[in-house]
$ cat upload_6.txt   # compact mmCIF, C-alpha atoms
# COMPACT_ATOMS: atom_id res chain seq x y z
CA MET A 1 45.42 5.74 159.78
CA GLU A 2 43.58 5.43 163.09
CA GLN A 3 45.58 8.34 164.51
CA LYS A 4 44.94 10.46 161.41
CA ILE A 5 41.21 9.76 161.74
CA LYS A 6 41.25 10.83 165.41
CA ASP A 7 42.79 14.15 164.36
CA SER A 8 40.44 14.64 161.38
CA PRO A 9 37.56 17.13 161.30
CA LEU A 10 35.59 14.27 159.68
CA LYS A 11 36.17 11.82 162.54
CA SER A 12 32.52 11.74 163.65
CA SER A 13 31.53 10.63 160.13
CA ILE A 14 34.20 7.93 159.69
CA THR A 15 34.10 4.25 160.57
CA PHE A 16 37.42 2.50 160.01
CA LEU A 17 37.93 -1.25 159.96
CA HIS A 18 41.08 -2.27 161.79
CA GLY A 19 42.60 -5.06 159.70
CA ASN A 20 41.30 -6.80 156.61
CA LEU A 21 37.86 -8.22 155.84
CA LYS A 22 37.43 -11.68 154.37
CA PHE A 23 33.95 -12.44 153.12
CA ASN A 24 32.86 -15.81 151.80
CA LEU A 25 31.37 -16.17 148.34
CA PRO A 26 28.50 -18.57 147.64
CA ASP A 27 28.82 -21.91 145.91
CA GLY A 28 29.28 -21.46 142.19
CA ALA A 29 31.41 -18.32 142.49
CA GLU A 30 34.82 -18.30 140.84
CA LEU A 31 36.56 -17.96 144.21
CA PRO A 32 35.69 -19.26 147.69
CA TYR A 33 36.16 -15.80 149.28
CA GLU A 34 37.46 -12.28 148.77
CA ASP A 35 39.99 -10.63 151.06
CA ILE A 36 39.57 -6.85 151.30
CA ASP A 37 42.69 -5.10 152.59
CA PHE A 38 41.30 -1.67 153.49
CA ILE A 39 37.80 -0.50 154.39
CA MET A 40 36.77 2.94 155.61
CA LEU A 41 33.25 4.34 155.60
CA LEU A 42 33.12 8.11 155.10
CA GLY A 43 29.56 9.32 155.43
CA ALA A 44 27.75 7.21 152.84
CA THR A 45 30.87 6.42 150.78
CA LEU A 46 32.73 3.17 151.35
CA ILE A 47 36.43 3.43 150.56
CA VAL A 48 37.73 0.01 149.49
CA GLY A 49 41.46 -0.34 149.08
CA GLU A 50 44.05 -2.80 147.85
CA ILE A 51 47.25 -2.43 149.88
CA LYS A 52 50.59 -3.20 148.27
CA CYS A 53 54.13 -3.01 149.62
CA PHE A 54 56.73 -2.76 146.85
CA LEU A 55 60.39 -1.86 146.75
CA GLN A 56 60.78 1.65 145.37
CA PRO A 57 62.21 1.67 141.81
CA SER A 58 65.82 2.76 141.36
CA ASP A 59 66.02 2.93 137.55
CA THR A 60 63.79 3.03 134.49
CA PHE A 61 63.38 -0.74 134.25
CA ASP A 62 62.42 -0.95 137.94
CA THR A 63 59.93 1.84 137.33
CA PHE A 64 58.34 -0.15 134.49
CA LYS A 65 58.12 -3.28 136.67
CA HIS A 66 56.69 -1.24 139.54
CA ARG A 67 53.97 0.19 137.31
CA THR A 68 53.15 -3.30 136.05
CA LYS A 69 52.62 -4.45 139.65
CA VAL A 70 50.41 -1.42 140.31
CA ILE A 71 48.26 -2.28 137.28
CA GLU A 72 47.97 -5.87 138.52
CA ALA A 73 46.81 -4.52 141.89
CA CYS A 74 44.14 -2.47 140.09
CA SER A 75 42.91 -5.61 138.32
CA GLN A 76 42.63 -7.42 141.65
CA LEU A 77 40.73 -4.51 143.12
CA LYS A 78 38.30 -4.35 140.18
CA ARG A 79 37.49 -8.03 140.67
CA LYS A 80 36.92 -7.56 144.41
CA ILE A 81 34.62 -4.58 143.91
CA ALA A 82 32.68 -6.46 141.24
CA ASN A 83 32.11 -9.26 143.75
CA ILE A 84 31.10 -6.75 146.43
CA TYR A 85 28.28 -5.54 144.18
CA ARG A 86 27.48 -9.03 142.88
CA TYR A 87 27.18 -10.50 146.38
CA GLU A 88 26.22 -7.32 148.19
CA SER A 89 23.95 -8.92 150.79
CA ILE A 90 26.74 -11.26 151.95
CA PHE A 91 29.22 -8.39 152.01
CA ARG A 92 26.83 -6.28 154.10
CA GLU A 93 26.46 -9.08 156.62
CA HIS A 94 30.21 -9.46 157.01
CA CYS A 95 30.67 -5.70 157.39
CA GLU A 96 27.94 -5.48 160.03
CA ILE A 97 29.57 -8.29 162.01
CA ARG A 98 32.75 -6.17 162.04
CA GLY A 99 30.88 -3.05 163.15
CA ILE A 100 30.33 -1.25 159.84
CA VAL A 101 26.70 -0.67 158.91
CA LEU A 102 26.55 0.19 155.23
CA PRO A 103 24.09 2.74 153.80
CA SER A 104 21.13 1.46 151.77
CA ASN A 105 22.52 2.94 148.56
CA LEU A 106 26.04 1.53 148.53
CA LYS A 107 28.64 3.77 146.86
CA VAL A 108 32.17 2.38 146.61
CA GLN A 109 35.30 4.48 146.13
CA PRO A 110 38.24 2.25 145.11
CA LEU A 111 41.89 3.03 145.66
CA VAL A 112 45.25 1.29 145.61
CA LEU A 113 47.28 2.18 148.70
CA LEU A 114 51.07 1.91 148.30
CA ASN A 115 53.89 2.02 150.83
CA GLY A 116 55.93 4.60 148.93
CA PRO A 117 55.53 7.56 146.57
CA ALA A 118 56.37 5.88 143.25
CA HIS A 119 53.37 6.13 140.86
CA CYS A 120 51.18 7.76 143.51
CA GLY A 121 49.01 10.46 141.99
CA ILE A 122 49.06 8.68 138.61
CA PRO A 123 45.71 6.86 138.41
CA TYR A 124 45.05 3.79 136.33
CA GLY A 125 41.74 4.42 134.60
CA GLU A 126 39.28 5.37 137.34
CA ILE A 127 41.31 3.82 140.14
CA PRO A 128 43.41 6.27 142.18
CA ILE A 129 46.93 5.31 143.27
CA VAL A 130 47.85 6.88 146.61
CA ASP A 131 50.05 6.47 149.65
CA ILE A 132 49.35 7.10 153.33
CA SER A 133 50.51 10.72 153.04
CA ILE A 134 47.99 11.56 150.29
CA LEU A 135 45.14 9.86 152.15
CA ALA A 136 46.12 11.43 155.48
CA THR A 137 46.19 14.90 153.90
CA PHE A 138 42.59 14.46 152.78
CA LEU A 139 41.58 13.46 156.30
CA SER A 140 43.25 16.60 157.66
CA GLY A 141 41.19 18.75 155.27
CA VAL A 142 44.08 21.06 154.43
CA VAL A 143 46.91 21.00 151.89
CA ARG A 144 49.97 22.94 153.03
CA GLN A 145 51.98 24.44 150.18
CA ARG A 146 54.99 26.70 149.57
CA ILE A 147 56.27 26.28 153.11
CA THR A 148 59.25 28.40 154.17
CA SER A 149 61.03 27.45 157.38
CA THR A 150 64.26 28.16 159.21
CA ILE A 151 66.16 26.16 161.80
CA ARG A 152 65.69 28.88 164.41
CA ASP A 153 62.08 29.91 163.84
CA GLY A 154 60.53 26.85 162.20
CA VAL A 155 57.75 27.57 159.69
CA ILE A 156 57.65 31.29 158.93
CA SER A 157 55.27 31.26 155.95
CA GLU A 158 53.01 28.88 154.07
CA GLU A 159 49.92 28.70 151.88
CA THR A 160 46.98 26.49 152.82
CA LEU A 161 44.29 25.03 150.58
CA SER A 162 41.05 24.00 152.27
CA LEU A 163 39.72 20.78 150.74
CA TYR A 164 36.13 20.77 152.03
CA THR A 165 33.70 22.41 154.45
CA GLY A 166 31.92 19.33 155.82
CA VAL A 167 31.28 15.65 155.32
CA ASP A 168 28.92 16.12 152.35
CA ASP A 169 31.46 18.34 150.65
CA ALA A 170 34.22 15.84 151.48
CA GLU A 171 32.30 12.99 149.87
CA ALA A 172 31.62 15.09 146.78
CA CYS A 173 35.28 15.98 146.22
CA LEU A 174 36.86 12.70 147.40
CA GLN A 175 37.16 11.01 144.00
CA ASN A 176 38.61 14.04 142.24
CA TYR A 177 41.07 14.61 145.08
CA LEU A 178 42.30 11.01 144.96
CA LEU A 179 42.62 11.04 141.16
CA ASN A 180 44.32 14.46 141.10
CA PRO A 181 45.96 15.26 144.46
CA PRO A 182 46.41 19.06 144.45
CA GLN A 183 49.69 18.82 146.35
CA LEU A 184 51.19 17.12 143.28
CA SER A 185 49.80 19.55 140.72
CA TYR A 186 53.01 21.58 140.48
CA ILE A 187 54.89 18.42 139.46
CA ASN A 188 52.22 17.32 136.98
CA ASP A 189 52.12 20.78 135.44
CA ALA A 190 55.90 20.75 134.98
CA THR A 191 56.12 17.24 133.52
CA ILE A 192 57.33 17.22 129.92
CA LYS A 193 57.13 14.27 127.52
CA LYS A 194 59.92 13.70 125.04
CA ASP A 195 60.34 11.20 122.21
CA SER A 196 63.83 10.18 121.14
CA ILE A 197 64.12 8.36 117.81
CA ARG A 198 66.94 5.90 117.21
CA ALA A 199 67.22 5.12 113.51
CA SER A 200 69.65 3.12 111.37
CA ILE A 201 70.79 0.91 114.26
CA ASN A 202 71.27 -1.79 111.71
CA GLU A 203 69.47 -2.96 108.60
CA PHE A 204 67.36 -5.54 110.47
CA ILE A 205 65.99 -3.18 113.15
CA PRO A 206 63.47 -0.44 112.30
CA GLU A 207 63.34 2.93 114.03
CA ILE A 208 62.97 2.71 117.79
CA CYS A 209 61.19 5.41 119.77
CA TYR A 210 62.22 5.96 123.38
CA ARG A 211 59.56 7.94 125.25
CA TYR A 212 60.62 9.53 128.49
CA PHE A 213 59.42 12.20 130.90
CA TYR A 214 61.20 14.77 133.00
CA VAL A 215 60.16 17.54 135.36
CA ASP A 216 61.15 21.06 134.38
CA LEU A 217 60.80 23.30 137.43
$ encode --input "upload_6.txt" --output "structure tokens"
Amino acid sequence: MEQKIKDSPLKSSITFLHGNLKFNLPDGAELPYEDIDFIMLLGATLIVGEIKCFLQPSDTFDTFKHRTKVIEACSQLKRKIANIYRYESIFREHCEIRGIVLPSNLKVQPLVLLNGPAHCGIPYGEIPIVDISILATFLSGVVRQRITSTIRDGVISEETLSLYTGVDDAEACLQNYLLNPPQLSYINDATIKKDSIRASINEFIPEICYRYFYVDL
């Protein structure tokens, strides 16, 4: 992430915290402290992330279990952000000690950051699910699409989508980008939902509906 920030056109407007941030909660709080995995200040927007490293699913049951873990991560993140707002003055102090001076009007952008592509680009409510590639693409400011390359000549053609024109524009489009990464739109547009009904399995079991999805390109 630090290297991607150095190469980003937004680098002068980004403050990135290397490592996690643990901030103590006052007496009477449900927990003694909160541990924030990922913090990056973009302009006046604080990106707060929950980092998870999961094995990538290999079948439908693994995919279900993976999604369950992602939802649990979102619940953890919601609690942490609620405590950031609830104990904002303490959080500000801890951030300032680590070199991040927060704006007066704190705006938090949550995200769950995964180690692999499974479930990335499929948000849970208002919480985006992304990986390093999706986040790094935003920092670059450009989505490269429909790339044609050869072994001899390398890239011979491509289409590029500019994501923003400056830091204000980047802040304005950040949430929508994270919730709907444009580089995944061709997959989302081609995703088809199917219901398969299994009836008359035996007299004690009612109809069972299997819902599945596939990509028709």
$ closest_residue --input "upload_6.txt" --among "A:Thr63, A:Cys53, A:Arg98, A:Leu77" --to "A:Tyr212" --atoms "only C-alpha atoms"
A:Thr63
$ closest_residue --input "upload_6.txt" --among "A:Gln145, A:Cys209, A:Asn202, A:Phe64" --to "A:Ser185" --atoms "only C-alpha atoms"
A:Gln145
$ closest_residue --input "upload_6.txt" --among "A:Phe204, A:Phe138, A:Tyr214, A:Tyr164" --to "A:Leu178" --atoms "all atoms listed in the file"
A:Phe138
$ closest_residue --input "upload_6.txt" --among "A:Ile208, A:Val112, A:Ile151, A:Leu25" --to "A:Ile71" --atoms "only C-alpha atoms"
A:Val112
$ closest_atom_pairs --input "upload_6.txt" --of "stretch 58-176 of chain A" --to "stretch 44-51 of chain A" --cutoff "12 Å" --atoms "all atoms listed in the file" --output "Markdown table"
| residue | atom | partner | partner_atom | distance |
| --- | --- | --- | --- | --- |
| A:Lys69 | CA | A:Ile51 | CA | 11.7 |
| A:Val70 | CA | A:Glu50 | CA | 10.0 |
| A:Ile71 | CA | A:Glu50 | CA | 11.4 |
| A:Glu72 | CA | A:Glu50 | CA | 10.6 |
| A:Ala73 | CA | A:Glu50 | CA | 6.8 |
| A:Cys74 | CA | A:Glu50 | CA | 7.8 |
| A:Ser75 | CA | A:Glu50 | CA | 10.0 |
| A:Gln76 | CA | A:Glu50 | CA | 7.9 |
| A:Leu77 | CA | A:Glu50 | CA | 6.0 |
| A:Lys78 | CA | A:Glu50 | CA | 9.7 |
| A:Arg79 | CA | A:Glu50 | CA | 11.0 |
| A:Lys80 | CA | A:Val48 | CA | 9.2 |
| A:Ile81 | CA | A:Val48 | CA | 7.9 |
| A:Ala82 | CA | A:Val48 | CA | 11.6 |
| A:Ile84 | CA | A:Val48 | CA | 10.0 |
| A:Arg92 | CA | A:Leu46 | CA | 11.5 |
| A:Cys95 | CA | A:Leu46 | CA | 10.9 |
| A:Ile100 | CA | A:Leu46 | CA | 9.9 |
| A:Val101 | CA | A:Ala44 | CA | 10.0 |
| A:Leu102 | CA | A:Ala44 | CA | 7.5 |
| A:Pro103 | CA | A:Ala44 | CA | 5.9 |
| A:Ser104 | CA | A:Ala44 | CA | 8.8 |
| A:Asn105 | CA | A:Ala44 | CA | 8.0 |
| A:Leu106 | CA | A:Thr45 | CA | 7.2 |
| A:Lys107 | CA | A:Thr45 | CA | 5.2 |
| A:Val108 | CA | A:Leu46 | CA | 4.8 |
| A:Gln109 | CA | A:Ile47 | CA | 4.7 |
| A:Pro110 | CA | A:Val48 | CA | 4.9 |
| A:Leu111 | CA | A:Gly49 | CA | 4.8 |
| A:Val112 | CA | A:Glu50 | CA | 4.8 |
| A:Leu113 | CA | A:Ile51 | CA | 4.8 |
| A:Leu114 | CA | A:Ile51 | CA | 6.0 |
| A:Asn115 | CA | A:Ile51 | CA | 8.0 |
| A:Gly116 | CA | A:Ile51 | CA | 11.2 |
| A:Ile127 | CA | A:Gly49 | CA | 9.9 |
| A:Pro128 | CA | A:Gly49 | CA | 9.8 |
| A:Ile129 | CA | A:Glu50 | CA | 9.7 |
| A:Val130 | CA | A:Ile51 | CA | 9.9 |
| A:Asp131 | CA | A:Ile51 | CA | 9.3 |
| A:Ile132 | CA | A:Ile51 | CA | 10.4 |
| A:Leu135 | CA | A:Ile47 | CA | 10.9 |
| A:Val167 | CA | A:Ala44 | CA | 9.5 |
| A:Asp168 | CA | A:Ala44 | CA | 9.0 |
| A:Asp169 | CA | A:Ala44 | CA | 11.9 |
| A:Ala170 | CA | A:Thr45 | CA | 10.0 |
| A:Glu171 | CA | A:Thr45 | CA | 6.8 |
| A:Ala172 | CA | A:Thr45 | CA | 9.6 |
| A:Cys173 | CA | A:Thr45 | CA | 11.5 |
| A:Leu174 | CA | A:Thr45 | CA | 9.3 |
| A:Gln175 | CA | A:Ile47 | CA | 10.1 |
$ atom_distance --input "upload_6.txt" --atom1 "atom CA of A:Leu41" --atom2 "atom CA of A:Leu10"
11.0 Å
$ closest_residue --input "upload_6.txt" --among "A:Glu30, A:Pro9, A:Ile192, A:Ile14" --to "A:Arg86" --atoms "all atoms listed in the file"
A:Glu30
$ atom_distance --input "upload_6.txt" --atom1 "atom CA of A:Ser140" --atom2 "atom CA of A:Tyr186"
20.4 Å
$ closest_residue --input "upload_6.txt" --among "A:Val215, A:Leu17, A:Ala29, A:Leu161" --to "A:Thr137" --atoms "only C-alpha atoms"
A:Leu161
$ atom_distance --input "upload_6.txt" --atom1 "atom CA of A:Lys194" --atom2 "atom CA of A:Pro181"
24.0 Å
$ build_atoms --input "upload_6.txt" --residues "stretch 62-73 of chain A" --atoms "all heavy atoms" --output "PDB file, in the coordinates of the input"
ATOM      1  N   ASP A  62      63.154  -0.739 136.680  1.00  0.00           N
ATOM      2  CA  ASP A  62      62.420  -0.950 137.940  1.00  0.00           C
ATOM      3  C   ASP A  62      61.117  -0.179 137.948  1.00  0.00           C
ATOM      4  O   ASP A  62      60.102  -0.654 138.462  1.00  0.00           O
ATOM      5  CB  ASP A  62      63.280  -0.517 139.134  1.00  0.00           C
ATOM      6  CG  ASP A  62      64.336  -1.549 139.504  1.00  0.00           C
ATOM      7  OD1 ASP A  62      64.273  -2.672 138.970  1.00  0.00           O
ATOM      8  OD2 ASP A  62      65.211  -1.220 140.325  1.00  0.00           O
ATOM      9  N   THR A  63      61.142   1.031 137.384  1.00  0.00           N
ATOM     10  CA  THR A  63      59.930   1.840 137.330  1.00  0.00           C
ATOM     11  C   THR A  63      58.866   1.160 136.479  1.00  0.00           C
ATOM     12  O   THR A  63      57.683   1.138 136.838  1.00  0.00           O
ATOM     13  CB  THR A  63      60.246   3.239 136.753  1.00  0.00           C
ATOM     14  OG1 THR A  63      61.217   3.872 137.591  1.00  0.00           O
ATOM     15  CG2 THR A  63      58.995   4.099 136.687  1.00  0.00           C
ATOM     16  N   PHE A  64      59.280   0.574 135.349  1.00  0.00           N
ATOM     17  CA  PHE A  64      58.340  -0.150 134.490  1.00  0.00           C
ATOM     18  C   PHE A  64      57.756  -1.346 135.234  1.00  0.00           C
ATOM     19  O   PHE A  64      56.539  -1.584 135.204  1.00  0.00           O
ATOM     20  CB  PHE A  64      59.078  -0.618 133.229  1.00  0.00           C
ATOM     21  CG  PHE A  64      58.255  -1.533 132.364  1.00  0.00           C
ATOM     22  CD1 PHE A  64      57.292  -1.022 131.509  1.00  0.00           C
ATOM     23  CD2 PHE A  64      58.441  -2.904 132.408  1.00  0.00           C
ATOM     24  CE1 PHE A  64      56.526  -1.865 130.710  1.00  0.00           C
ATOM     25  CE2 PHE A  64      57.688  -3.761 131.616  1.00  0.00           C
ATOM     26  CZ  PHE A  64      56.726  -3.235 130.769  1.00  0.00           C
ATOM     27  N   LYS A  65      58.599  -2.110 135.922  1.00  0.00           N
ATOM     28  CA  LYS A  65      58.120  -3.280 136.670  1.00  0.00           C
ATOM     29  C   LYS A  65      57.198  -2.859 137.809  1.00  0.00           C
ATOM     30  O   LYS A  65      56.204  -3.535 138.088  1.00  0.00           O
ATOM     31  CB  LYS A  65      59.315  -4.079 137.205  1.00  0.00           C
ATOM     32  CG  LYS A  65      60.136  -4.769 136.135  1.00  0.00           C
ATOM     33  CD  LYS A  65      61.129  -5.752 136.719  1.00  0.00           C
ATOM     34  CE  LYS A  65      62.182  -5.054 137.551  1.00  0.00           C
ATOM     35  NZ  LYS A  65      63.186  -6.011 138.080  1.00  0.00           N
ATOM     36  N   HIS A  66      57.526  -1.747 138.446  1.00  0.00           N
ATOM     37  CA  HIS A  66      56.690  -1.240 139.540  1.00  0.00           C
ATOM     38  C   HIS A  66      55.300  -0.879 139.027  1.00  0.00           C
ATOM     39  O   HIS A  66      54.283  -1.234 139.628  1.00  0.00           O
ATOM     40  CB  HIS A  66      57.369  -0.023 140.170  1.00  0.00           C
ATOM     41  CG  HIS A  66      56.689   0.503 141.394  1.00  0.00           C
ATOM     42  ND1 HIS A  66      55.584   1.336 141.333  1.00  0.00           N
ATOM     43  CD2 HIS A  66      56.939   0.306 142.715  1.00  0.00           C
ATOM     44  CE1 HIS A  66      55.202   1.650 142.556  1.00  0.00           C
ATOM     45  NE2 HIS A  66      56.001   1.041 143.416  1.00  0.00           N
ATOM     46  N   ARG A  67      55.257  -0.193 137.881  1.00  0.00           N
ATOM     47  CA  ARG A  67      53.970   0.190 137.310  1.00  0.00           C
ATOM     48  C   ARG A  67      53.159  -1.044 136.912  1.00  0.00           C
ATOM     49  O   ARG A  67      51.931  -1.073 137.079  1.00  0.00           O
ATOM     50  CB  ARG A  67      54.167   1.101 136.096  1.00  0.00           C
ATOM     51  CG  ARG A  67      52.870   1.681 135.526  1.00  0.00           C
ATOM     52  CD  ARG A  67      52.196   2.608 136.514  1.00  0.00           C
ATOM     53  NE  ARG A  67      50.976   3.199 135.987  1.00  0.00           N
ATOM     54  CZ  ARG A  67      50.179   4.000 136.678  1.00  0.00           C
ATOM     55  NH1 ARG A  67      50.476   4.312 137.924  1.00  0.00           N
ATOM     56  NH2 ARG A  67      49.084   4.499 136.144  1.00  0.00           N
ATOM     57  N   THR A  68      53.837  -2.063 136.406  1.00  0.00           N
ATOM     58  CA  THR A  68      53.150  -3.300 136.050  1.00  0.00           C
ATOM     59  C   THR A  68      52.497  -3.923 137.279  1.00  0.00           C
ATOM     60  O   THR A  68      51.354  -4.399 137.220  1.00  0.00           O
ATOM     61  CB  THR A  68      54.146  -4.297 135.423  1.00  0.00           C
ATOM     62  OG1 THR A  68      54.697  -3.723 134.239  1.00  0.00           O
ATOM     63  CG2 THR A  68      53.454  -5.599 135.070  1.00  0.00           C
ATOM     64  N   LYS A  69      53.186  -3.909 138.408  1.00  0.00           N
ATOM     65  CA  LYS A  69      52.620  -4.450 139.650  1.00  0.00           C
ATOM     66  C   LYS A  69      51.429  -3.616 140.121  1.00  0.00           C
ATOM     67  O   LYS A  69      50.440  -4.156 140.627  1.00  0.00           O
ATOM     68  CB  LYS A  69      53.690  -4.492 140.737  1.00  0.00           C
ATOM     69  CG  LYS A  69      54.794  -5.497 140.487  1.00  0.00           C
ATOM     70  CD  LYS A  69      55.845  -5.443 141.586  1.00  0.00           C
ATOM     71  CE  LYS A  69      56.966  -6.435 141.347  1.00  0.00           C
ATOM     72  NZ  LYS A  69      58.004  -6.360 142.401  1.00  0.00           N
ATOM     73  N   VAL A  70      51.526  -2.302 139.939  1.00  0.00           N
ATOM     74  CA  VAL A  70      50.410  -1.420 140.310  1.00  0.00           C
ATOM     75  C   VAL A  70      49.179  -1.746 139.469  1.00  0.00           C
ATOM     76  O   VAL A  70      48.051  -1.816 139.974  1.00  0.00           O
ATOM     77  CB  VAL A  70      50.813   0.059 140.164  1.00  0.00           C
ATOM     78  CG1 VAL A  70      49.597   0.970 140.308  1.00  0.00           C
ATOM     79  CG2 VAL A  70      51.870   0.432 141.202  1.00  0.00           C
ATOM     80  N   ILE A  71      49.379  -1.950 138.174  1.00  0.00           N
ATOM     81  CA  ILE A  71      48.260  -2.280 137.280  1.00  0.00           C
ATOM     82  C   ILE A  71      47.650  -3.620 137.678  1.00  0.00           C
ATOM     83  O   ILE A  71      46.416  -3.788 137.666  1.00  0.00           O
ATOM     84  CB  ILE A  71      48.746  -2.297 135.817  1.00  0.00           C
ATOM     85  CG1 ILE A  71      49.102  -0.868 135.375  1.00  0.00           C
ATOM     86  CG2 ILE A  71      47.673  -2.881 134.900  1.00  0.00           C
ATOM     87  CD1 ILE A  71      49.770  -0.798 134.018  1.00  0.00           C
ATOM     88  N   GLU A  72      48.480  -4.583 138.052  1.00  0.00           N
ATOM     89  CA  GLU A  72      47.970  -5.870 138.520  1.00  0.00           C
ATOM     90  C   GLU A  72      47.131  -5.696 139.789  1.00  0.00           C
ATOM     91  O   GLU A  72      46.096  -6.352 139.968  1.00  0.00           O
ATOM     92  CB  GLU A  72      49.129  -6.831 138.782  1.00  0.00           C
ATOM     93  CG  GLU A  72      49.837  -7.293 137.519  1.00  0.00           C
ATOM     94  CD  GLU A  72      51.095  -8.091 137.809  1.00  0.00           C
ATOM     95  OE1 GLU A  72      51.475  -8.185 139.006  1.00  0.00           O
ATOM     96  OE2 GLU A  72      51.696  -8.621 136.861  1.00  0.00           O
ATOM     97  N   ALA A  73      47.568  -4.803 140.676  1.00  0.00           N
ATOM     98  CA  ALA A  73      46.810  -4.520 141.890  1.00  0.00           C
ATOM     99  C   ALA A  73      45.445  -3.920 141.545  1.00  0.00           C
ATOM    100  O   ALA A  73      44.431  -4.244 142.180  1.00  0.00           O
ATOM    101  CB  ALA A  73      47.591  -3.570 142.792  1.00  0.00           C
TER     102      ALA A  73
END
